[in-house]
Amino acid sequence: MTKTTREDGCIVIDRNGVVENQHELHAVVVDSTGKILFVVGDPNRVTLIRSAAKPAQSVAIVETGALEKYDLDEADLALMCASHSSEDRHVERARGILAKAGNSEDNLRCGGHPAILPERNRTWIRAGFEPTPVWSNCSGKHSGMLAAARAMGAETEDYHALSHPLQQRVKLVTEEIAQLPSDQVRWAIDGCNMPAPAYPLIYLANTNAAFAAAADAAARNDENVTQRQRNMARVFNAMSTYPEMVAGEGRFCTSLMRAFKGRVMGKVGADACYGVGIRACEETQRLGAVGSVGIAAKIEDGNMDILYSAVAELLVRLNIGTAETRAALDEFHSVAIKNTVGVVTGHVSYPFKLQAVKG
């Protein structure tokens, strides 16, 4: 398999031409058949995908029948996939999911934490507010998991533990969607106190291509479309229809999905990994893809700002969407380094090579 050198895989921050930081990028682009189209760095880099696993985890929730049983809607499903910004609308919806399924905030096994956006933290500090678990950026996922556990008739006390029947179902669904060999995945505990998978980066790309392919198949109403694909399409469409629930104002995931208007699904994972699913279109055909395209990216040192700029740059290199569409991501892509008085002191550049894979 093609693997580029470290020198070919960096994003660079400089000040007046002096290199200050080099951030190593690993990325892989695949199509719906699993064919590798492009790579940067190591496509087999074993990666804890953290919250980028939420779309697949949410498919497991859907398959318990919890949404129908508790009258949960597509915006609720989008929040189950979220790493949200702790906006009031996010917390209100998480509380609604809890209440409809007969749960409460006391049942949550995630903890409160500072909000993702600094300005919200400043507001909380001025007000002397201490965030509780429902304000966690993962409260949608946890609320959905509690609902799923009840729908299964399982105990809710340890719904977050890998040994719980729900998490065993989540594990199986996640591995099946990624088409993971059993010896290629390990499980760790995420920041929100729930299991998170680690596996070679290419399988995150496969996962996202599969979600986009499912959305295409469901839209065509293919006679051979499976129930699993319909469930995956439901997650794809919930996220792309309600992107404000997946992240929030001023966040990359929301801006990306808003800009592409139902054609793209994007989800971040903590410590700088990202998955993108792109439905089949003229742009994917030009890449030589069969059907949909999946992209996975990881920044080796965990820098989130560099991750977002890298994903935006990858979309430019791949010519996905029009220049006008991609302009919605300019604030994340065209990054200028400023000092405390607003003077531009440095820039981000992208010398990495996106290497086409032949055959």
# chains A, B, ... in the order shown; residues from 1 in each chain; ligands from 1
>>> select_by_dssp(residues="range 137-220 of chain A", states="alpha helix (DSSP H)", output="PyMOL selection string")
chain A and resi 139-152+165-178+201-220
>>> residues_around(residues="Gly302 in chain A", least_positions_apart="2", cutoff="7 Å", atoms="only C-alpha atoms", output="VMD selection string")
chain A and resid 271 to 272 299 to 300 304
>>> write_last_selection(atoms="all heavy atoms", output="PDB file, in the first residue's frame")
ATOM      1  N   ASP A 271      -9.106  15.121  19.630  1.00  0.00           N
ATOM      2  CA  ASP A 271      -7.687  14.934  19.366  1.00  0.00           C
ATOM      3  C   ASP A 271      -7.412  14.736  17.883  1.00  0.00           C
ATOM      4  O   ASP A 271      -6.492  14.022  17.485  1.00  0.00           O
ATOM      5  CB  ASP A 271      -7.093  13.812  20.212  1.00  0.00           C
ATOM      6  CG  ASP A 271      -6.915  14.239  21.663  1.00  0.00           C
ATOM      7  OD1 ASP A 271      -6.217  15.239  21.895  1.00  0.00           O
ATOM      8  OD2 ASP A 271      -7.504  13.605  22.552  1.00  0.00           O
ATOM      9  N   ALA A 272      -8.263  15.398  17.076  1.00  0.00           N
ATOM     10  CA  ALA A 272      -7.947  15.677  15.666  1.00  0.00           C
ATOM     11  C   ALA A 272      -8.039  14.503  14.715  1.00  0.00           C
ATOM     12  O   ALA A 272      -7.084  14.174  14.014  1.00  0.00           O
ATOM     13  CB  ALA A 272      -6.589  16.368  15.547  1.00  0.00           C
ATOM     14  N   ILE A 299      -4.583  14.371  12.472  1.00  0.00           N
ATOM     15  CA  ILE A 299      -3.398  15.182  12.729  1.00  0.00           C
ATOM     16  C   ILE A 299      -2.630  14.529  13.876  1.00  0.00           C
ATOM     17  O   ILE A 299      -3.177  14.321  14.958  1.00  0.00           O
ATOM     18  CB  ILE A 299      -3.765  16.632  13.074  1.00  0.00           C
ATOM     19  CG1 ILE A 299      -4.553  17.272  11.937  1.00  0.00           C
ATOM     20  CG2 ILE A 299      -2.501  17.447  13.376  1.00  0.00           C
ATOM     21  CD1 ILE A 299      -3.798  17.385  10.625  1.00  0.00           C
ATOM     22  N   GLU A 300      -1.390  14.217  13.625  1.00  0.00           N
ATOM     23  CA  GLU A 300      -0.612  13.408  14.558  1.00  0.00           C
ATOM     24  C   GLU A 300      -0.519  14.027  15.944  1.00  0.00           C
ATOM     25  O   GLU A 300      -0.573  13.313  16.957  1.00  0.00           O
ATOM     26  CB  GLU A 300       0.794  13.175  13.999  1.00  0.00           C
ATOM     27  CG  GLU A 300       1.646  12.218  14.806  1.00  0.00           C
ATOM     28  CD  GLU A 300       1.127  10.775  14.755  1.00  0.00           C
ATOM     29  OE1 GLU A 300       0.568  10.371  13.722  1.00  0.00           O
ATOM     30  OE2 GLU A 300       1.281  10.070  15.768  1.00  0.00           O
ATOM     31  N   MET A 304      -6.620  20.630  16.754  1.00  0.00           N
ATOM     32  CA  MET A 304      -7.945  20.658  16.138  1.00  0.00           C
ATOM     33  C   MET A 304      -8.067  21.730  15.061  1.00  0.00           C
ATOM     34  O   MET A 304      -8.696  21.504  14.022  1.00  0.00           O
ATOM     35  CB  MET A 304      -9.008  20.874  17.215  1.00  0.00           C
ATOM     36  CG  MET A 304      -9.076  19.759  18.246  1.00  0.00           C
ATOM     37  SD  MET A 304      -9.632  18.173  17.571  1.00  0.00           S
ATOM     38  CE  MET A 304     -11.389  18.492  17.422  1.00  0.00           C
TER      39      MET A 304
END
>>> residues_around(residues="Asn103 in chain A", least_positions_apart="6", cutoff="12 Å", atoms="only C-alpha atoms", output="VMD selection string")
chain A and resid 70 94 to 97 134 142 to 151 155 to 157
>>> write_last_selection(atoms="all heavy atoms", output="compact mmCIF listing (two decimals), in the first residue's frame")
# COMPACT_ATOMS: atom_id res chain seq x y z
N TYR A 70 -40.27 5.96 21.47
CA TYR A 70 -40.34 7.14 22.34
C TYR A 70 -40.63 8.43 21.57
O TYR A 70 -40.46 9.52 22.11
CB TYR A 70 -39.04 7.26 23.15
CG TYR A 70 -38.80 6.05 24.01
CD1 TYR A 70 -37.68 5.24 23.80
CD2 TYR A 70 -39.70 5.69 25.00
CE1 TYR A 70 -37.46 4.11 24.58
CE2 TYR A 70 -39.49 4.56 25.78
CZ TYR A 70 -38.37 3.78 25.57
OH TYR A 70 -38.16 2.65 26.33
N ALA A 94 -31.61 17.49 24.45
CA ALA A 94 -31.12 16.34 25.23
C ALA A 94 -32.07 16.05 26.38
O ALA A 94 -32.39 14.87 26.66
CB ALA A 94 -29.71 16.61 25.75
N ARG A 95 -32.54 17.09 27.04
CA ARG A 95 -33.50 16.89 28.13
C ARG A 95 -34.80 16.28 27.60
O ARG A 95 -35.43 15.44 28.27
CB ARG A 95 -33.78 18.22 28.82
CG ARG A 95 -32.63 18.66 29.73
CD ARG A 95 -32.88 20.04 30.29
NE ARG A 95 -31.88 20.39 31.32
CZ ARG A 95 -31.52 21.63 31.64
NH1 ARG A 95 -32.10 22.66 31.01
NH2 ARG A 95 -30.62 21.84 32.56
N GLY A 96 -35.20 16.68 26.40
CA GLY A 96 -36.41 16.12 25.80
C GLY A 96 -36.26 14.64 25.50
O GLY A 96 -37.20 13.85 25.74
N ILE A 97 -35.09 14.24 24.99
CA ILE A 97 -34.84 12.82 24.72
C ILE A 97 -34.90 12.03 26.01
O ILE A 97 -35.52 10.95 26.07
CB ILE A 97 -33.46 12.64 24.03
CG1 ILE A 97 -33.46 13.31 22.65
CG2 ILE A 97 -33.12 11.15 23.91
CD1 ILE A 97 -32.07 13.39 22.02
N VAL A 134 -25.83 17.15 31.52
CA VAL A 134 -26.65 17.39 30.35
C VAL A 134 -26.05 18.46 29.44
O VAL A 134 -26.40 18.56 28.25
CB VAL A 134 -28.10 17.75 30.76
CG1 VAL A 134 -28.18 19.20 31.24
CG2 VAL A 134 -29.08 17.49 29.63
N HIS A 142 -25.43 10.14 24.88
CA HIS A 142 -25.77 9.43 26.12
C HIS A 142 -27.28 9.33 26.31
O HIS A 142 -27.78 8.29 26.73
CB HIS A 142 -25.11 10.13 27.31
CG HIS A 142 -23.67 9.77 27.49
ND1 HIS A 142 -23.24 8.89 28.47
CD2 HIS A 142 -22.57 10.14 26.81
CE1 HIS A 142 -21.92 8.75 28.39
NE2 HIS A 142 -21.49 9.51 27.39
N SER A 143 -28.01 10.40 26.00
CA SER A 143 -29.47 10.37 26.12
C SER A 143 -30.05 9.33 25.16
O SER A 143 -30.98 8.59 25.52
CB SER A 143 -30.06 11.74 25.83
OG SER A 143 -29.58 12.71 26.75
N GLY A 144 -29.50 9.28 23.94
CA GLY A 144 -29.95 8.28 22.98
C GLY A 144 -29.63 6.87 23.41
O GLY A 144 -30.45 5.95 23.22
N MET A 145 -28.47 6.67 24.01
CA MET A 145 -28.09 5.35 24.48
C MET A 145 -29.01 4.89 25.61
O MET A 145 -29.41 3.71 25.67
CB MET A 145 -26.63 5.35 24.96
CG MET A 145 -25.60 5.54 23.86
SD MET A 145 -25.38 4.06 22.86
CE MET A 145 -23.97 4.58 21.84
N LEU A 146 -29.36 5.81 26.50
CA LEU A 146 -30.29 5.45 27.58
C LEU A 146 -31.65 5.03 27.00
O LEU A 146 -32.25 4.05 27.46
CB LEU A 146 -30.46 6.64 28.53
CG LEU A 146 -29.38 6.79 29.61
CD1 LEU A 146 -29.45 8.17 30.23
CD2 LEU A 146 -29.55 5.71 30.68
N ALA A 147 -32.11 5.79 26.01
CA ALA A 147 -33.37 5.43 25.37
C ALA A 147 -33.28 4.05 24.71
O ALA A 147 -34.20 3.23 24.80
CB ALA A 147 -33.76 6.50 24.33
N ALA A 148 -32.15 3.78 24.06
CA ALA A 148 -31.95 2.50 23.39
C ALA A 148 -31.92 1.35 24.39
O ALA A 148 -32.47 0.27 24.14
CB ALA A 148 -30.66 2.53 22.58
N ALA A 149 -31.25 1.58 25.51
CA ALA A 149 -31.20 0.53 26.54
C ALA A 149 -32.61 0.19 27.03
O ALA A 149 -32.96 -0.99 27.18
CB ALA A 149 -30.31 0.98 27.69
N ARG A 150 -33.42 1.21 27.27
CA ARG A 150 -34.80 0.96 27.72
C ARG A 150 -35.60 0.24 26.63
O ARG A 150 -36.40 -0.66 26.92
CB ARG A 150 -35.48 2.28 28.09
CG ARG A 150 -35.05 2.84 29.42
CD ARG A 150 -36.01 3.89 29.92
NE ARG A 150 -35.56 4.47 31.18
CZ ARG A 150 -35.80 3.97 32.38
NH1 ARG A 150 -36.48 2.83 32.48
NH2 ARG A 150 -35.36 4.56 33.46
N ALA A 151 -35.40 0.65 25.37
CA ALA A 151 -36.12 0.02 24.27
C ALA A 151 -35.78 -1.47 24.16
O ALA A 151 -36.62 -2.28 23.76
CB ALA A 151 -35.82 0.73 22.96
N GLU A 155 -31.10 -3.13 31.54
CA GLU A 155 -30.84 -2.22 32.66
C GLU A 155 -30.17 -0.96 32.14
O GLU A 155 -29.38 -0.99 31.20
CB GLU A 155 -29.96 -2.90 33.70
CG GLU A 155 -30.59 -4.10 34.38
CD GLU A 155 -31.76 -3.71 35.27
OE1 GLU A 155 -31.76 -2.58 35.79
OE2 GLU A 155 -32.67 -4.54 35.42
N THR A 156 -30.47 0.16 32.77
CA THR A 156 -29.87 1.44 32.35
C THR A 156 -28.68 1.85 33.20
O THR A 156 -27.93 2.76 32.81
CB THR A 156 -30.92 2.56 32.38
OG1 THR A 156 -31.44 2.68 33.71
CG2 THR A 156 -32.04 2.28 31.40
N GLU A 157 -28.47 1.22 34.33
CA GLU A 157 -27.45 1.66 35.27
C GLU A 157 -26.07 1.71 34.62
O GLU A 157 -25.33 2.68 34.79
CB GLU A 157 -27.42 0.73 36.49
CG GLU A 157 -26.37 1.10 37.53
CD GLU A 157 -26.65 2.43 38.21
OE1 GLU A 157 -27.83 2.84 38.27
OE2 GLU A 157 -25.68 3.07 38.66
>>> atom_distance(atom1="CA of Val46 in chain A", atom2="CA of Ser163 in chain A")
23.1 Å
>>> closest_residue(among="A:Arg45, A:Leu25, A:Glu20, A:Lys141", to="Asp8 in chain A", atoms="only C-alpha atoms")
A:Leu25
>>> closest_residue(among="A:Lys267, A:Arg120, A:Arg93, A:Lys100", to="Leu204 in chain A", atoms="only C-alpha atoms")
A:Lys267
>>> residues_around(residues="Ser85 in chain A", least_positions_apart="6", cutoff="12 Å", atoms="only C-alpha atoms", output="MDAnalysis selection string")
chainID A and resid 79 91 113:121 134:140 244:254
>>> write_last_selection(atoms="N, CA and C atoms", output="PDB file, in the first residue's frame")
ATOM      1  N   LEU A  79     -28.723  15.035  17.111  1.00  0.00           N
ATOM      2  CA  LEU A  79     -28.056  15.349  18.378  1.00  0.00           C
ATOM      3  C   LEU A  79     -27.352  14.126  18.951  1.00  0.00           C
ATOM      4  N   VAL A  91     -29.091  21.522  24.784  1.00  0.00           N
ATOM      5  CA  VAL A  91     -29.422  21.007  26.119  1.00  0.00           C
ATOM      6  C   VAL A  91     -30.918  20.738  26.240  1.00  0.00           C
ATOM      7  N   HIS A 113     -18.496  19.624  31.665  1.00  0.00           N
ATOM      8  CA  HIS A 113     -17.158  20.112  31.296  1.00  0.00           C
ATOM      9  C   HIS A 113     -17.286  21.495  30.669  1.00  0.00           C
ATOM     10  N   PRO A 114     -16.180  22.242  30.525  1.00  0.00           N
ATOM     11  CA  PRO A 114     -16.253  23.530  29.841  1.00  0.00           C
ATOM     12  C   PRO A 114     -16.783  23.371  28.425  1.00  0.00           C
ATOM     13  N   ALA A 115     -17.490  24.375  27.948  1.00  0.00           N
ATOM     14  CA  ALA A 115     -18.018  24.343  26.595  1.00  0.00           C
ATOM     15  C   ALA A 115     -16.886  24.373  25.576  1.00  0.00           C
ATOM     16  N   ILE A 116     -17.177  23.864  24.374  1.00  0.00           N
ATOM     17  CA  ILE A 116     -16.171  23.815  23.310  1.00  0.00           C
ATOM     18  C   ILE A 116     -15.740  25.212  22.883  1.00  0.00           C
ATOM     19  N   LEU A 117     -16.689  26.154  22.824  1.00  0.00           N
ATOM     20  CA  LEU A 117     -16.368  27.506  22.357  1.00  0.00           C
ATOM     21  C   LEU A 117     -15.993  28.401  23.538  1.00  0.00           C
ATOM     22  N   PRO A 118     -14.840  29.088  23.458  1.00  0.00           N
ATOM     23  CA  PRO A 118     -14.362  29.906  24.587  1.00  0.00           C
ATOM     24  C   PRO A 118     -15.341  30.981  25.035  1.00  0.00           C
ATOM     25  N   GLU A 119     -16.061  31.602  24.086  1.00  0.00           N
ATOM     26  CA  GLU A 119     -16.958  32.687  24.485  1.00  0.00           C
ATOM     27  C   GLU A 119     -18.087  32.188  25.389  1.00  0.00           C
ATOM     28  N   ARG A 120     -18.516  30.942  25.165  1.00  0.00           N
ATOM     29  CA  ARG A 120     -19.555  30.386  26.044  1.00  0.00           C
ATOM     30  C   ARG A 120     -18.986  30.115  27.432  1.00  0.00           C
ATOM     31  N   ASN A 121     -17.748  29.670  27.497  1.00  0.00           N
ATOM     32  CA  ASN A 121     -17.118  29.479  28.803  1.00  0.00           C
ATOM     33  C   ASN A 121     -17.023  30.790  29.570  1.00  0.00           C
ATOM     34  N   VAL A 134     -25.828  17.147  31.520  1.00  0.00           N
ATOM     35  CA  VAL A 134     -26.653  17.389  30.347  1.00  0.00           C
ATOM     36  C   VAL A 134     -26.053  18.457  29.435  1.00  0.00           C
ATOM     37  N   TRP A 135     -25.118  19.241  29.955  1.00  0.00           N
ATOM     38  CA  TRP A 135     -24.422  20.248  29.157  1.00  0.00           C
ATOM     39  C   TRP A 135     -23.196  19.675  28.452  1.00  0.00           C
ATOM     40  N   SER A 136     -22.869  18.434  28.721  1.00  0.00           N
ATOM     41  CA  SER A 136     -21.749  17.773  28.031  1.00  0.00           C
ATOM     42  C   SER A 136     -21.979  17.778  26.529  1.00  0.00           C
ATOM     43  N   ASN A 137     -20.910  17.933  25.766  1.00  0.00           N
ATOM     44  CA  ASN A 137     -21.053  17.926  24.304  1.00  0.00           C
ATOM     45  C   ASN A 137     -21.510  16.564  23.792  1.00  0.00           C
ATOM     46  N   CYS A 138     -21.453  15.540  24.640  1.00  0.00           N
ATOM     47  CA  CYS A 138     -21.902  14.194  24.262  1.00  0.00           C
ATOM     48  C   CYS A 138     -23.239  13.825  24.890  1.00  0.00           C
ATOM     49  N   SER A 139     -23.975  14.792  25.436  1.00  0.00           N
ATOM     50  CA  SER A 139     -25.222  14.462  26.131  1.00  0.00           C
ATOM     51  C   SER A 139     -26.278  13.897  25.188  1.00  0.00           C
ATOM     52  N   GLY A 140     -26.227  14.268  23.908  1.00  0.00           N
ATOM     53  CA  GLY A 140     -27.165  13.696  22.948  1.00  0.00           C
ATOM     54  C   GLY A 140     -26.944  12.208  22.767  1.00  0.00           C
ATOM     55  N   GLU A 244     -26.919  22.040  12.569  1.00  0.00           N
ATOM     56  CA  GLU A 244     -26.769  22.862  13.764  1.00  0.00           C
ATOM     57  C   GLU A 244     -26.848  22.033  15.029  1.00  0.00           C
ATOM     58  N   MET A 245     -27.459  20.848  14.950  1.00  0.00           N
ATOM     59  CA  MET A 245     -27.539  19.966  16.107  1.00  0.00           C
ATOM     60  C   MET A 245     -26.281  19.124  16.259  1.00  0.00           C
ATOM     61  N   VAL A 246     -25.532  18.940  15.186  1.00  0.00           N
ATOM     62  CA  VAL A 246     -24.341  18.092  15.216  1.00  0.00           C
ATOM     63  C   VAL A 246     -23.156  18.812  15.852  1.00  0.00           C
ATOM     64  N   ALA A 247     -23.149  20.141  15.778  1.00  0.00           N
ATOM     65  CA  ALA A 247     -22.061  20.920  16.367  1.00  0.00           C
ATOM     66  C   ALA A 247     -22.622  22.221  16.927  1.00  0.00           C
ATOM     67  N   GLY A 248     -22.776  23.251  16.067  1.00  0.00           N
ATOM     68  CA  GLY A 248     -23.323  24.517  16.526  1.00  0.00           C
ATOM     69  C   GLY A 248     -22.768  25.680  15.725  1.00  0.00           C
ATOM     70  N   GLU A 249     -23.217  26.874  16.063  1.00  0.00           N
ATOM     71  CA  GLU A 249     -22.782  28.053  15.320  1.00  0.00           C
ATOM     72  C   GLU A 249     -21.269  28.247  15.463  1.00  0.00           C
ATOM     73  N   GLY A 250     -20.621  28.554  14.325  1.00  0.00           N
ATOM     74  CA  GLY A 250     -19.185  28.783  14.337  1.00  0.00           C
ATOM     75  C   GLY A 250     -18.352  27.531  14.388  1.00  0.00           C
ATOM     76  N   ARG A 251     -18.983  26.358  14.202  1.00  0.00           N
ATOM     77  CA  ARG A 251     -18.262  25.086  14.257  1.00  0.00           C
ATOM     78  C   ARG A 251     -18.113  24.500  12.855  1.00  0.00           C
ATOM     79  N   PHE A 252     -17.023  23.776  12.640  1.00  0.00           N
ATOM     80  CA  PHE A 252     -16.690  23.265  11.312  1.00  0.00           C
ATOM     81  C   PHE A 252     -17.732  22.284  10.793  1.00  0.00           C
ATOM     82  N   CYS A 253     -18.143  21.315  11.613  1.00  0.00           N
ATOM     83  CA  CYS A 253     -19.100  20.310  11.137  1.00  0.00           C
ATOM     84  C   CYS A 253     -20.376  20.962  10.623  1.00  0.00           C
ATOM     85  N   THR A 254     -20.882  21.923  11.376  1.00  0.00           N
ATOM     86  CA  THR A 254     -22.111  22.613  10.976  1.00  0.00           C
ATOM     87  C   THR A 254     -21.903  23.393   9.693  1.00  0.00           C
TER      88      THR A 254
END
>>> atom_distance(atom1="CA of Val19 in chain A", atom2="CA of Leu307 in chain A")
18.4 Å
>>> residues_around(residues="range 288-298 of chain A", least_positions_apart="4", cutoff="7 Å", atoms="only C-alpha atoms", output="list in words")
Leu25, His26, Ala27, Val28, Val29, Val30, Asp31, Ser32, Thr33, Leu201, Ile202, Leu204, Ala205, Asn206, Asn208, Ala209, Ala212, Ala213, Ala272, Cys273, Tyr274, Gly275, Val276, Gly277, Ile278, Arg279, Ala280 and Thr284 of chain A
>>> residues_around(residues="Arg186 in chain A", least_positions_apart="6", cutoff="12 Å", atoms="only C-alpha atoms", output="PyMOL selection string")
chain A and resi 46-49+162+171+174-175+180+195-200
>>> atom_distance(atom1="CA of Glu87 in chain A", atom2="CA of Pro131 in chain A")
11.7 Å
>>> closest_residue(among="A:Trp187, A:Ser334, A:Asp88, A:Thr241", to="Gln168 in chain A", atoms="only C-alpha atoms")
A:Trp187
>>> select_by_dssp(residues="range 218-345 of chain A", states="strand (DSSP E)", output="PyMOL selection string")
chain A and resi 264-269+273-278+293-299+336-338+344-345
>>> closest_residue(among="A:Gln229, A:Gln57, A:Gln285, A:Asn237", to="Leu166 in chain A", atoms="only C-alpha atoms")
A:Gln57
>>> residues_around(residues="Phe352 in chain A", least_positions_apart="3", cutoff="7 Å", atoms="only C-alpha atoms", output="VMD selection string")
chain A and resid 8 to 11
>>> write_last_selection(atoms="N, CA and C atoms", output="compact mmCIF listing (two decimals), in the first residue's frame")
# COMPACT_ATOMS: atom_id res chain seq x y z
N ASP A 8 6.49 14.71 3.13
CA ASP A 8 5.40 14.95 2.18
C ASP A 8 4.05 15.12 2.87
N GLY A 9 4.01 15.00 4.18
CA GLY A 9 2.74 14.93 4.87
C GLY A 9 2.50 15.96 5.94
N CYS A 10 3.10 17.14 5.80
CA CYS A 10 3.00 18.13 6.87
C CYS A 10 2.21 19.38 6.47
N ILE A 11 1.60 19.97 7.46
CA ILE A 11 1.03 21.31 7.37
C ILE A 11 1.93 22.20 8.22
>>> decode(residues="range 148-156 of chain A", atoms="all heavy atoms", output="PDB file, in the first residue's frame")
ATOM      1  N   ALA A 148     -32.150   3.783  24.065  1.00  0.00           N
ATOM      2  CA  ALA A 148     -31.951   2.498  23.390  1.00  0.00           C
ATOM      3  C   ALA A 148     -31.915   1.350  24.392  1.00  0.00           C
ATOM      4  O   ALA A 148     -32.470   0.267  24.145  1.00  0.00           O
ATOM      5  CB  ALA A 148     -30.663   2.526  22.577  1.00  0.00           C
ATOM      6  N   ALA A 149     -31.253   1.576  25.513  1.00  0.00           N
ATOM      7  CA  ALA A 149     -31.201   0.528  26.541  1.00  0.00           C
ATOM      8  C   ALA A 149     -32.606   0.186  27.030  1.00  0.00           C
ATOM      9  O   ALA A 149     -32.959  -0.989  27.184  1.00  0.00           O
ATOM     10  CB  ALA A 149     -30.312   0.976  27.695  1.00  0.00           C
ATOM     11  N   ARG A 150     -33.421   1.210  27.268  1.00  0.00           N
ATOM     12  CA  ARG A 150     -34.802   0.963  27.721  1.00  0.00           C
ATOM     13  C   ARG A 150     -35.602   0.244  26.631  1.00  0.00           C
ATOM     14  O   ARG A 150     -36.400  -0.655  26.923  1.00  0.00           O
ATOM     15  CB  ARG A 150     -35.481   2.278  28.087  1.00  0.00           C
ATOM     16  CG  ARG A 150     -35.046   2.840  29.424  1.00  0.00           C
ATOM     17  CD  ARG A 150     -36.006   3.891  29.925  1.00  0.00           C
ATOM     18  NE  ARG A 150     -35.560   4.473  31.181  1.00  0.00           N
ATOM     19  CZ  ARG A 150     -35.799   3.966  32.377  1.00  0.00           C
ATOM     20  NH1 ARG A 150     -36.480   2.833  32.478  1.00  0.00           N
ATOM     21  NH2 ARG A 150     -35.360   4.563  33.458  1.00  0.00           N
ATOM     22  N   ALA A 151     -35.396   0.651  25.370  1.00  0.00           N
ATOM     23  CA  ALA A 151     -36.123   0.019  24.268  1.00  0.00           C
ATOM     24  C   ALA A 151     -35.785  -1.466  24.161  1.00  0.00           C
ATOM     25  O   ALA A 151     -36.624  -2.279  23.758  1.00  0.00           O
ATOM     26  CB  ALA A 151     -35.816   0.729  22.957  1.00  0.00           C
ATOM     27  N   MET A 152     -34.549  -1.820  24.525  1.00  0.00           N
ATOM     28  CA  MET A 152     -34.131  -3.221  24.504  1.00  0.00           C
ATOM     29  C   MET A 152     -34.629  -4.002  25.712  1.00  0.00           C
ATOM     30  O   MET A 152     -34.517  -5.229  25.752  1.00  0.00           O
ATOM     31  CB  MET A 152     -32.591  -3.305  24.492  1.00  0.00           C
ATOM     32  CG  MET A 152     -31.918  -2.803  23.246  1.00  0.00           C
ATOM     33  SD  MET A 152     -30.107  -2.779  23.461  1.00  0.00           S
ATOM     34  CE  MET A 152     -29.746  -4.521  23.761  1.00  0.00           C
ATOM     35  N   GLY A 153     -35.123  -3.283  26.716  1.00  0.00           N
ATOM     36  CA  GLY A 153     -35.502  -3.947  27.958  1.00  0.00           C
ATOM     37  C   GLY A 153     -34.318  -4.259  28.838  1.00  0.00           C
ATOM     38  O   GLY A 153     -34.396  -5.118  29.721  1.00  0.00           O
ATOM     39  N   ALA A 154     -33.218  -3.545  28.613  1.00  0.00           N
ATOM     40  CA  ALA A 154     -31.999  -3.775  29.388  1.00  0.00           C
ATOM     41  C   ALA A 154     -31.914  -2.801  30.557  1.00  0.00           C
ATOM     42  O   ALA A 154     -32.554  -1.744  30.560  1.00  0.00           O
ATOM     43  CB  ALA A 154     -30.772  -3.614  28.494  1.00  0.00           C
ATOM     44  N   GLU A 155     -31.104  -3.130  31.542  1.00  0.00           N
ATOM     45  CA  GLU A 155     -30.845  -2.222  32.659  1.00  0.00           C
ATOM     46  C   GLU A 155     -30.169  -0.956  32.143  1.00  0.00           C
ATOM     47  O   GLU A 155     -29.378  -0.993  31.201  1.00  0.00           O
ATOM     48  CB  GLU A 155     -29.960  -2.896  33.701  1.00  0.00           C
ATOM     49  CG  GLU A 155     -30.591  -4.101  34.379  1.00  0.00           C
ATOM     50  CD  GLU A 155     -31.763  -3.709  35.267  1.00  0.00           C
ATOM     51  OE1 GLU A 155     -31.756  -2.575  35.792  1.00  0.00           O
ATOM     52  OE2 GLU A 155     -32.675  -4.536  35.424  1.00  0.00           O
ATOM     53  N   THR A 156     -30.470   0.163  32.774  1.00  0.00           N
ATOM     54  CA  THR A 156     -29.868   1.436  32.349  1.00  0.00           C
ATOM     55  C   THR A 156     -28.678   1.854  33.203  1.00  0.00           C
ATOM     56  O   THR A 156     -27.934   2.757  32.814  1.00  0.00           O
ATOM     57  CB  THR A 156     -30.916   2.565  32.381  1.00  0.00           C
ATOM     58  OG1 THR A 156     -31.441   2.682  33.713  1.00  0.00           O
ATOM     59  CG2 THR A 156     -32.040   2.278  31.404  1.00  0.00           C
TER      60      THR A 156
END
